[in-house]
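> I have a structure here, written as structure tokens, and I will follow up with some questions on it.
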Amino acid sequence: MYLFLFALIPVAMIYYGFSIYSLEGSFNTLKNKLFVCIYGLVSAAVMCTILGFFVFFPEYTGTNPALRALFRYLRYFFAPALLFVLYFFWSNDLISERKTSFLFFALPFYAVWLPFCVLFSLESPTFFTIFIEPSLVLLMLIVVSADLRRLFDSIGKKDKFIFGILIFVESLIPAAIYSLWYSGLFILVWAVPALLYAALCFLRSGLKTSALNIAEKIRS
């Protein structure tokens, strides 16, 4: 049952790497992103070690759905995002490289962080937390990465605020869906938003184009 949880992000990493190779025909980009990948992996391992053995990461156990979503958001996105911000301002990489590095950081990071959050949670693992929520988080990372590039490209323009708001909303929705599920509401109350969110992420993130490029590369 846990195979999906442990394999989801690594498989996504392989797919992402192959999609870049199929697009460029070389490993140059992947070589340039090696540092941020290692940083993501190591920072996740350090963070999990600290939180697992030394510092307790608070979990909300009350009944307020909004607070539950907020705590989930802090755990599943905000805290990891701070580590990427640290890389962005600390790294000596070119700005153009840092602008496109989010997913190279996030996938290695979440390959460790997601299983940790599920297995070391106060609640017992369920079908939702093992299968549904990790899938939503992965889609969230992909669409946030795409909009983060758009945000950087729009610096100095009026629409930068639009992309900033989009990133916040996109990153918050998986936590909100989790809160709806946790509240024990009728399945369609959270399943329909989850399906709509997945569809929108698929369309907005360029996954369709990437899949077509890989299929064409395989056929050739």
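Simple scheme: letters A, B, ... for chains in structure tokens order, numbers from 1 for residues in each chain, numbers from 1 for ligands in the order shown.
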Can you tell me which residues surround Leu151 (chain A) at a distance of at most 7 Å, considering only C-alpha atoms, apart from same-chain residues fewer than 2 positions away, and format the answer as a PyMOL selection string?
chain A and resi 147-149+153-155+160+163-164
> Need the shell around Ala66 (chain A): protein/DNA/RNA residues with any atom at most 12 Å away, counting only C-alpha atoms. Skip same-chain ones fewer than 3 positions apart. Format as a short mmCIF file (atom, residue, chain, number, x, y, z; two decimals) with N, CA, C and O atoms, in the first residue's frame?

```
data_model
loop_
_atom_site.label_atom_id
_atom_site.label_comp_id
_atom_site.auth_asym_id
_atom_site.auth_seq_id
_atom_site.Cartn_x
_atom_site.Cartn_y
_atom_site.Cartn_z
N TYR A 60 -2.81 20.25 13.90
CA TYR A 60 -4.08 20.73 14.42
C TYR A 60 -5.00 19.55 14.71
O TYR A 60 -5.22 18.69 13.85
N GLY A 62 -8.09 20.16 16.37
CA GLY A 62 -9.41 20.71 16.69
C GLY A 62 -10.44 20.41 15.62
O GLY A 62 -10.25 19.53 14.78
N THR A 63 -11.52 21.16 15.64
CA THR A 63 -12.63 20.90 14.73
C THR A 63 -12.87 22.03 13.72
O THR A 63 -13.80 21.94 12.92
N ALA A 69 -7.02 23.40 7.60
CA ALA A 69 -6.45 23.64 6.28
C ALA A 69 -5.18 24.50 6.39
O ALA A 69 -4.20 24.26 5.69
N LEU A 70 -5.21 25.49 7.28
CA LEU A 70 -4.06 26.36 7.46
C LEU A 70 -2.85 25.58 7.95
O LEU A 70 -1.73 25.73 7.42
N PHE A 71 -3.03 24.73 8.95
CA PHE A 71 -1.92 23.95 9.48
C PHE A 71 -1.40 22.97 8.42
O PHE A 71 -0.19 22.73 8.34
N ARG A 72 -2.31 22.42 7.64
CA ARG A 72 -1.88 21.51 6.57
C ARG A 72 -1.08 22.26 5.52
O ARG A 72 -0.08 21.76 4.99
N TYR A 73 -1.51 23.46 5.21
CA TYR A 73 -0.81 24.31 4.24
C TYR A 73 0.60 24.64 4.73
O TYR A 73 1.57 24.57 3.96
N LEU A 172 -2.83 26.40 -1.80
CA LEU A 172 -3.74 26.24 -0.66
C LEU A 172 -4.83 25.20 -0.90
O LEU A 172 -5.33 24.58 0.04
N ILE A 173 -5.20 24.99 -2.15
CA ILE A 173 -6.34 24.12 -2.46
C ILE A 173 -6.16 22.68 -1.95
O ILE A 173 -7.11 22.11 -1.39
N ALA A 175 -4.69 21.59 0.66
CA ALA A 175 -4.94 21.62 2.10
C ALA A 175 -6.43 21.80 2.39
O ALA A 175 -6.98 21.21 3.32
N ALA A 176 -7.10 22.62 1.58
CA ALA A 176 -8.54 22.83 1.76
C ALA A 176 -9.31 21.55 1.45
O ALA A 176 -10.27 21.21 2.16
N ILE A 177 -8.90 20.83 0.41
CA ILE A 177 -9.56 19.57 0.08
C ILE A 177 -9.35 18.55 1.19
O ILE A 177 -10.26 17.80 1.56
N TYR A 178 -8.14 18.52 1.74
CA TYR A 178 -7.88 17.64 2.88
C TYR A 178 -8.81 17.96 4.05
O TYR A 178 -9.35 17.06 4.69
N SER A 179 -8.99 19.24 4.31
CA SER A 179 -9.85 19.64 5.42
C SER A 179 -11.30 19.21 5.18
O SER A 179 -11.99 18.77 6.12
N LEU A 180 -11.76 19.32 3.93
CA LEU A 180 -13.11 18.86 3.60
C LEU A 180 -13.23 17.35 3.82
O LEU A 180 -14.23 16.86 4.35
N TYR A 182 -11.37 15.46 5.80
CA TYR A 182 -11.21 15.14 7.22
C TYR A 182 -12.50 15.43 7.99
O TYR A 182 -12.78 14.77 9.00
N SER A 183 -13.28 16.37 7.51
CA SER A 183 -14.51 16.74 8.20
C SER A 183 -15.59 15.67 8.09
O SER A 183 -16.63 15.78 8.74
#
```
> Could you give me the residues within region 32-214 of chain A that DSSP places in helix (DSSP H, G or I), as a VMD selection string?
chain A and resid 32 34 to 53 65 to 90 95 to 99 102 to 119 127 to 153 160 to 182 187 to 204 207 to 214
> List the neighbours of Val118 (chain A) out to 12 Å using only C-alpha atoms; skip same-chain residues closer than 4 positions along the sequence, and give me the result as a ChimeraX atom specification.
/A:2,5-6,48,72,75-76,110-114,122-134
> Any idea what the distance is between CA of Ser43 (chain A) and CA of Pro115 (chain A)?
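Taking CA of Ser43 (chain A) as the start and CA of Pro115 (chain A) as the end point, the length is 14.8 Å.
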> Using only C-alpha atoms, determine which residues lie at most 10 Å from Leu138 (chain A), disregarding the query and same-chain residues fewer than 5 positions distant; provide the list as a ChimeraX atom specification.
/A:8-9,12,106-107,110,114,133,143-144,174,198,201
